[in-house]
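Peer 1: Have a look at the structure that comes next, please.
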Amino acid sequence: MRGLAVLALISFASLASAKSTFGEACDQADSHLDADTWALVTDCDPQYYCAANGTCANKGCRRDIYPFGYTGVAYSDLPPLCAEGQFCPDEGDQCLTQAPSGGQCQKDRDDECSPPPDQKLYAGYLNTNGSICLNYICYWANVSVGQTCVDENTAYTAYTATGSSYSFIISRDNCANGLYCDGTSLQCIKAKELNAACSGNKECLSYNCEASGKCGHAADEPLHPKPWVYVIIGLGILALIVGVMVSLWFMHRKTRKENQVKLEQYYREQIAYRQSIMSMSHAKNSLLSLPPNTVSYHSQSWSLS
Ligand SMILES: *[C@@H]1O[C@H](CO)[C@@H](O)[C@H](O)[C@H]1NC(C)=O
Ligand SMILES: *[C@@H]1O[C@H](CO)[C@@H](O)[C@H](O)[C@H]1NC(C)=O
Ligand SMILES: *[C@@H]1O[C@H](CO)[C@@H](O)[C@H](O)[C@H]1NC(C)=O
């Protein structure tokens, strides 16, 4: 396992070292989108972009708060984030102003499009603040039922933990929330409720078309236990409390009985001591109170017998 990790690290390092660093030569013609992930690939390290003069130059902006490829760089030395109304393009050379509806955008970069005036109404799971980039053109996700829509299907490749790959398709469109763009009629249709038949995630309100061909629960839907579950749990807690109290009562009764027996024994012993002490002192007193001749009488009687 560790050997594998080291191997992966070495291959990653050799891959990274194949890239140019600051000031080294690069060719903008080599820049392209990765066929599996649709991420931009250039001749330069992730910290640099390929400038027009054919060298790798420092990036002028960043998209992420903690961007990839900047290990060991102080937070304050990172290129700046862009202001609202601006975006940092895939190349990361400089902040640009968001494009209006109908303008150009880069692959999957909804944030490069300026949002519609009523962005809260149209903001959704598959767009950014109500604007969406489809086929490199900006749209507002505002098309209503029965109206003509635009859709874009993108195949991505994903890798499992064991290294095998599988591909999945994400279909996005400019229909308003709760609607989806039908692939053949290219019209917005109401998305389906739970357990309705479906052939793709986008057809379901929950965005989860299960393998059985029915709309399932959303992946982030919280669990709502049935009322009887609460009743069972409540009864269980009550039974536990009663059980503990009853067993404590039995335990207490047992120790109380044992203590009672001990106390009675002690009491009897004390009484017996007291009686023997009393009878002894009584004997002594009676001996002392006897007239002297009585003793002699006794000795006499012994001698007689
Ligand atoms: C190439 O362009 C970049 C960005 O404008 C600049 O920082 C760099 O100094 C230029 N390099 C040369 C050799 O002109
Ligand atoms: C989306 O809208 C919010 C609130 O108006 C804003 O803070 C955020 O920057 C916007 N996102 C983008 C990518 O423009
Ligand atoms: C919907 O968005 C388009 C631009 O994509 C715009 O021209 C149109 O006026 C919008 N419609 C509504 C009802 O907001």
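We label chains A, B, ... in the order they appear in the structure tokens, count residues from 1 in each chain, and number ligands from 1 in the order shown.
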What residues have any atom no more than 12 Å from ligand 1 when counting only C-alpha atoms and all ligand atoms, and can you list them as number ranges by chain?

Peer 2: A: 22-26, 48-60, 92-94

Peer 1: Under the rule of at most 7 Å, produce a per-residue listing of chain A near ligand 2: chain, number, name, the closest pair of atoms, and the distance in Å, as a tab-separated table, using only C-alpha atoms and all ligand atoms.

Peer 2:
```
residue	atom	partner	partner_atom_place_in_ligand_line	distance
A:Glu84	CA	ligand 2	9 (O)	5.3
A:Gly85	CA	ligand 2	14 (O)	6.2
A:Asp111	CA	ligand 2	13 (C)	4.2
A:Thr128	CA	ligand 2	13 (C)	6.1
A:Asn129	CA	ligand 2	1 (C)	4.8
```

Peer 1: Within 12 Å of A:Asn208, counting only C-alpha atoms, which residues qualify if same-chain residues fewer than 2 places away don't, as a PyMOL selection string?

Peer 2: chain A and resi 170+191-206+210-221

Peer 1: I need the chosen residues saved as a compact mmCIF listing (two decimals), in the first residue's frame, with N, CA and C atoms.

Peer 2:
```txt
# COMPACT_ATOMS: atom_id res chain seq x y z
N ILE A 170 -23.94 14.45 -17.14
CA ILE A 170 -24.68 15.51 -16.46
C ILE A 170 -25.40 16.32 -17.54
N ALA A 191 -40.83 18.68 -13.64
CA ALA A 191 -40.06 17.56 -13.12
C ALA A 191 -40.97 16.65 -12.30
N LYS A 192 -40.56 15.37 -12.16
CA LYS A 192 -41.45 14.34 -11.59
C LYS A 192 -41.30 14.17 -10.09
N GLU A 193 -42.42 13.74 -9.50
CA GLU A 193 -42.46 13.51 -8.05
C GLU A 193 -41.80 12.17 -7.73
N LEU A 194 -41.75 11.89 -6.43
CA LEU A 194 -41.20 10.63 -5.92
C LEU A 194 -41.94 9.44 -6.54
N ASN A 195 -41.16 8.39 -6.94
CA ASN A 195 -41.68 7.11 -7.45
C ASN A 195 -42.25 7.19 -8.87
N ALA A 196 -42.16 8.35 -9.54
CA ALA A 196 -42.59 8.42 -10.94
C ALA A 196 -41.50 7.79 -11.81
N ALA A 197 -41.89 7.25 -12.96
CA ALA A 197 -40.92 6.62 -13.86
C ALA A 197 -40.00 7.69 -14.45
N CYS A 198 -38.71 7.37 -14.58
CA CYS A 198 -37.76 8.35 -15.09
C CYS A 198 -36.65 7.64 -15.86
N SER A 199 -35.91 8.41 -16.66
CA SER A 199 -34.77 7.82 -17.37
C SER A 199 -33.50 8.63 -17.15
N GLY A 200 -33.59 9.68 -16.33
CA GLY A 200 -32.41 10.48 -16.04
C GLY A 200 -32.64 11.30 -14.78
N ASN A 201 -31.55 11.64 -14.10
CA ASN A 201 -31.67 12.39 -12.84
C ASN A 201 -32.44 13.69 -13.01
N LYS A 202 -32.21 14.38 -14.15
CA LYS A 202 -32.81 15.71 -14.31
C LYS A 202 -34.33 15.67 -14.36
N GLU A 203 -34.90 14.50 -14.67
CA GLU A 203 -36.37 14.39 -14.77
C GLU A 203 -37.03 14.40 -13.40
N CYS A 204 -36.26 14.16 -12.36
CA CYS A 204 -36.83 14.05 -11.00
C CYS A 204 -36.60 15.34 -10.23
N LEU A 205 -37.61 15.73 -9.45
CA LEU A 205 -37.47 16.89 -8.56
C LEU A 205 -36.33 16.67 -7.57
N SER A 206 -36.15 15.40 -7.18
CA SER A 206 -35.11 15.08 -6.20
C SER A 206 -33.73 14.97 -6.85
N GLU A 210 -33.41 6.51 -9.74
CA GLU A 210 -32.75 5.29 -9.24
C GLU A 210 -32.61 4.25 -10.35
N ALA A 211 -31.77 3.23 -10.09
CA ALA A 211 -31.51 2.19 -11.09
C ALA A 211 -32.81 1.48 -11.47
N SER A 212 -33.80 1.48 -10.58
CA SER A 212 -35.07 0.82 -10.86
C SER A 212 -35.93 1.62 -11.84
N GLY A 213 -35.45 2.82 -12.25
CA GLY A 213 -36.22 3.63 -13.20
C GLY A 213 -37.31 4.45 -12.55
N LYS A 214 -37.17 4.69 -11.22
CA LYS A 214 -38.15 5.51 -10.51
C LYS A 214 -37.43 6.63 -9.78
N CYS A 215 -38.13 7.76 -9.65
CA CYS A 215 -37.54 8.87 -8.91
C CYS A 215 -37.41 8.51 -7.42
N GLY A 216 -36.21 8.63 -6.89
CA GLY A 216 -35.97 8.31 -5.49
C GLY A 216 -35.84 9.57 -4.66
N HIS A 217 -35.51 9.38 -3.40
CA HIS A 217 -35.31 10.52 -2.50
C HIS A 217 -34.03 11.26 -2.88
N ALA A 218 -33.99 12.55 -2.60
CA ALA A 218 -32.79 13.34 -2.87
C ALA A 218 -31.65 12.83 -1.99
N ALA A 219 -30.43 12.94 -2.53
CA ALA A 219 -29.27 12.42 -1.82
C ALA A 219 -29.08 13.11 -0.48
N ASP A 220 -29.50 14.38 -0.37
CA ASP A 220 -29.26 15.12 0.87
C ASP A 220 -30.54 15.26 1.70
N GLU A 221 -31.54 14.42 1.38
CA GLU A 221 -32.80 14.55 2.12
C GLU A 221 -32.65 14.00 3.54
```

Peer 1: Taking only C-alpha atoms and all ligand atoms into account, which residues have an atom no farther than 6 Å from ligand 3? I'd like them as a ChimeraX atom specification.

Peer 2: /A:101,139-140,142

Peer 1: Given only C-alpha atoms as the basis, pick out the residue of A:Ile137, A:Glu91, A:Pro117, A:Tyr230 nearest to A:Cys105.

Peer 2: A:Ile137

Peer 1: Can you tell me, as a PyMOL selection string, which residues in stretch 7-150 of chain A count as helix (DSSP H, G or I) by DSSP?

Peer 2: chain A and resi 7-17+28-30+75-77+110-112+119-122

Peer 1: Show me, as JSON lines, the residues of stretch 128-208 of chain A having an atom within 9 Å of stretch 35-39 of chain A, each with the closest atom pair and its distance in Å, using only C-alpha atoms.

Peer 2:
```
{"residue": "A:Ala155", "atom": "CA", "partner": "A:Asp36", "partner_atom": "CA", "distance": 7.7}
{"residue": "A:Tyr156", "atom": "CA", "partner": "A:Asp36", "partner_atom": "CA", "distance": 5.4}
{"residue": "A:Thr157", "atom": "CA", "partner": "A:Asp36", "partner_atom": "CA", "distance": 4.8}
{"residue": "A:Ala158", "atom": "CA", "partner": "A:Asp36", "partner_atom": "CA", "distance": 7.8}
{"residue": "A:Ser167", "atom": "CA", "partner": "A:Asp36", "partner_atom": "CA", "distance": 8.5}
```

Peer 1: Show me, as a list in words, the residues that have an atom within 6 Å of stretch 67-83 of chain A when counting only C-alpha atoms, minus same-chain residues fewer than 4 positions from it.

Peer 2: Pro46, Gln47, Gly60, Cys61, Arg62, Phe87 and Cys95 of chain A

Peer 1: Distance atom CA of A:Leu33-atom CA of A:Asn135, one decimal place?

Peer 2: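 A separation of 13.8 Å between them.
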
Peer 1: Which value, in Å to one decimal, gives the distance between atom CA of A:Leu134 and atom CA of A:Ser171?

Peer 2: 10.0 Å

Peer 1: Do you have the atom CA of A:Ala18-atom CA of A:Cys44 distance handy?

Peer 2: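 Straight-line distance from atom CA of A:Ala18 to atom CA of A:Cys44 works out to 8.8 Å.
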
Peer 1: Would you please extract all strand (DSSP E or B) residues from stretch 50-117 of chain A, as assigned by DSSP on the backbone, and give them as a list in words?

Peer 2: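 In stretch 50-117 of chain A, DSSP puts these residues in strand (DSSP E or B): Cys50, Thr55, Cys56, Ala57, Asn58, Arg62, Leu81, Gln86, Phe87, Leu96, Thr97, Ala99, Gln104 and Cys113 of chain A.
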
Peer 1: For all heavy atoms, I'd like the residues from the last selection saved as a short mmCIF file (atom, residue, chain, number, x, y, z; two decimals), in the first residue's frame.

Peer 2:
```
data_model
loop_
_atom_site.label_atom_id
_atom_site.label_comp_id
_atom_site.auth_asym_id
_atom_site.auth_seq_id
_atom_site.Cartn_x
_atom_site.Cartn_y
_atom_site.Cartn_z
N CYS A 50 -0.02 30.17 -19.18
CA CYS A 50 0.80 30.36 -20.37
C CYS A 50 0.45 31.72 -20.98
O CYS A 50 -0.63 31.90 -21.54
CB CYS A 50 0.54 29.22 -21.36
SG CYS A 50 1.72 29.21 -22.72
N THR A 55 5.69 32.30 -22.46
CA THR A 55 6.34 31.86 -21.23
C THR A 55 5.28 31.69 -20.14
O THR A 55 4.19 32.26 -20.23
CB THR A 55 7.39 32.88 -20.73
OG1 THR A 55 6.71 34.10 -20.39
CG2 THR A 55 8.45 33.14 -21.77
N CYS A 56 5.64 30.90 -19.12
CA CYS A 56 4.72 30.72 -17.99
C CYS A 56 4.83 31.93 -17.07
O CYS A 56 5.93 32.26 -16.62
CB CYS A 56 5.05 29.44 -17.23
SG CYS A 56 4.70 27.96 -18.18
N ALA A 57 3.71 32.59 -16.82
CA ALA A 57 3.71 33.81 -16.01
C ALA A 57 2.88 33.59 -14.75
O ALA A 57 2.05 32.66 -14.69
CB ALA A 57 3.13 34.97 -16.81
N ASN A 58 3.12 34.41 -13.74
CA ASN A 58 2.35 34.31 -12.49
C ASN A 58 0.88 34.60 -12.76
O ASN A 58 0.55 35.49 -13.54
CB ASN A 58 2.87 35.33 -11.47
CG ASN A 58 4.16 34.87 -10.84
OD1 ASN A 58 4.29 33.70 -10.49
ND2 ASN A 58 5.12 35.78 -10.72
N ARG A 62 -7.43 34.14 -8.62
CA ARG A 62 -7.74 32.76 -8.27
C ARG A 62 -9.24 32.62 -8.08
O ARG A 62 -9.92 33.61 -7.77
CB ARG A 62 -6.97 32.33 -7.02
CG ARG A 62 -7.46 32.94 -5.72
CD ARG A 62 -6.59 32.44 -4.56
NE ARG A 62 -7.22 32.55 -3.26
CZ ARG A 62 -7.11 33.60 -2.45
NH1 ARG A 62 -6.42 34.66 -2.84
NH2 ARG A 62 -7.70 33.60 -1.27
N LEU A 81 -8.65 36.98 -5.13
CA LEU A 81 -9.98 36.55 -5.58
C LEU A 81 -10.60 37.72 -6.34
O LEU A 81 -10.23 38.87 -6.11
CB LEU A 81 -10.85 36.19 -4.38
CG LEU A 81 -10.50 34.90 -3.64
CD1 LEU A 81 -11.14 34.88 -2.25
CD2 LEU A 81 -10.95 33.68 -4.44
N GLN A 86 -17.37 40.08 -11.19
CA GLN A 86 -16.21 39.69 -11.99
C GLN A 86 -15.98 38.19 -11.85
O GLN A 86 -16.59 37.54 -10.99
CB GLN A 86 -14.96 40.43 -11.51
CG GLN A 86 -14.98 41.92 -11.80
CD GLN A 86 -13.61 42.53 -11.58
OE1 GLN A 86 -12.93 42.18 -10.62
NE2 GLN A 86 -13.21 43.41 -12.46
N PHE A 87 -15.11 37.64 -12.67
CA PHE A 87 -14.75 36.23 -12.54
C PHE A 87 -13.29 36.03 -12.91
O PHE A 87 -12.70 36.87 -13.61
CB PHE A 87 -15.65 35.35 -13.43
CG PHE A 87 -15.44 35.56 -14.90
CD1 PHE A 87 -14.53 34.79 -15.62
CD2 PHE A 87 -16.16 36.53 -15.59
CE1 PHE A 87 -14.33 34.98 -16.98
CE2 PHE A 87 -15.97 36.73 -16.95
CZ PHE A 87 -15.06 35.95 -17.65
N LEU A 96 -12.05 39.29 -14.95
CA LEU A 96 -12.81 39.86 -16.07
C LEU A 96 -14.23 40.11 -15.61
O LEU A 96 -14.70 39.51 -14.64
CB LEU A 96 -12.80 38.91 -17.26
CG LEU A 96 -11.44 38.55 -17.86
CD1 LEU A 96 -11.57 37.43 -18.88
CD2 LEU A 96 -10.80 39.79 -18.51
N THR A 97 -14.93 41.00 -16.32
CA THR A 97 -16.31 41.31 -15.98
C THR A 97 -17.24 40.20 -16.48
O THR A 97 -17.02 39.66 -17.57
CB THR A 97 -16.72 42.65 -16.61
OG1 THR A 97 -15.75 43.61 -16.24
CG2 THR A 97 -18.08 43.10 -16.13
N ALA A 99 -20.13 38.07 -18.20
CA ALA A 99 -20.76 38.27 -19.50
C ALA A 99 -22.26 38.35 -19.34
O ALA A 99 -22.84 37.68 -18.48
CB ALA A 99 -20.39 37.10 -20.42
N GLN A 104 -20.32 35.02 -24.12
CA GLN A 104 -19.52 33.80 -24.10
C GLN A 104 -19.08 33.44 -22.69
O GLN A 104 -18.89 34.30 -21.83
CB GLN A 104 -18.29 33.99 -24.98
CG GLN A 104 -18.62 33.89 -26.47
CD GLN A 104 -17.37 33.64 -27.29
OE1 GLN A 104 -16.26 33.97 -26.86
NE2 GLN A 104 -17.55 33.09 -28.48
N CYS A 113 -21.21 34.26 -16.04
CA CYS A 113 -22.38 34.94 -16.59
C CYS A 113 -23.00 35.81 -15.51
O CYS A 113 -23.13 35.39 -14.36
CB CYS A 113 -23.41 33.91 -17.04
SG CYS A 113 -22.73 32.68 -18.17
#
```

Peer 1: Between A:Val143, A:Gly163, A:Arg63, A:Lys226, which one has atoms that come closest to A:Lys190, using only C-alpha atoms?

Peer 2: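 Counting only C-alpha atoms, the residue closest to A:Lys190 is A:Val143.
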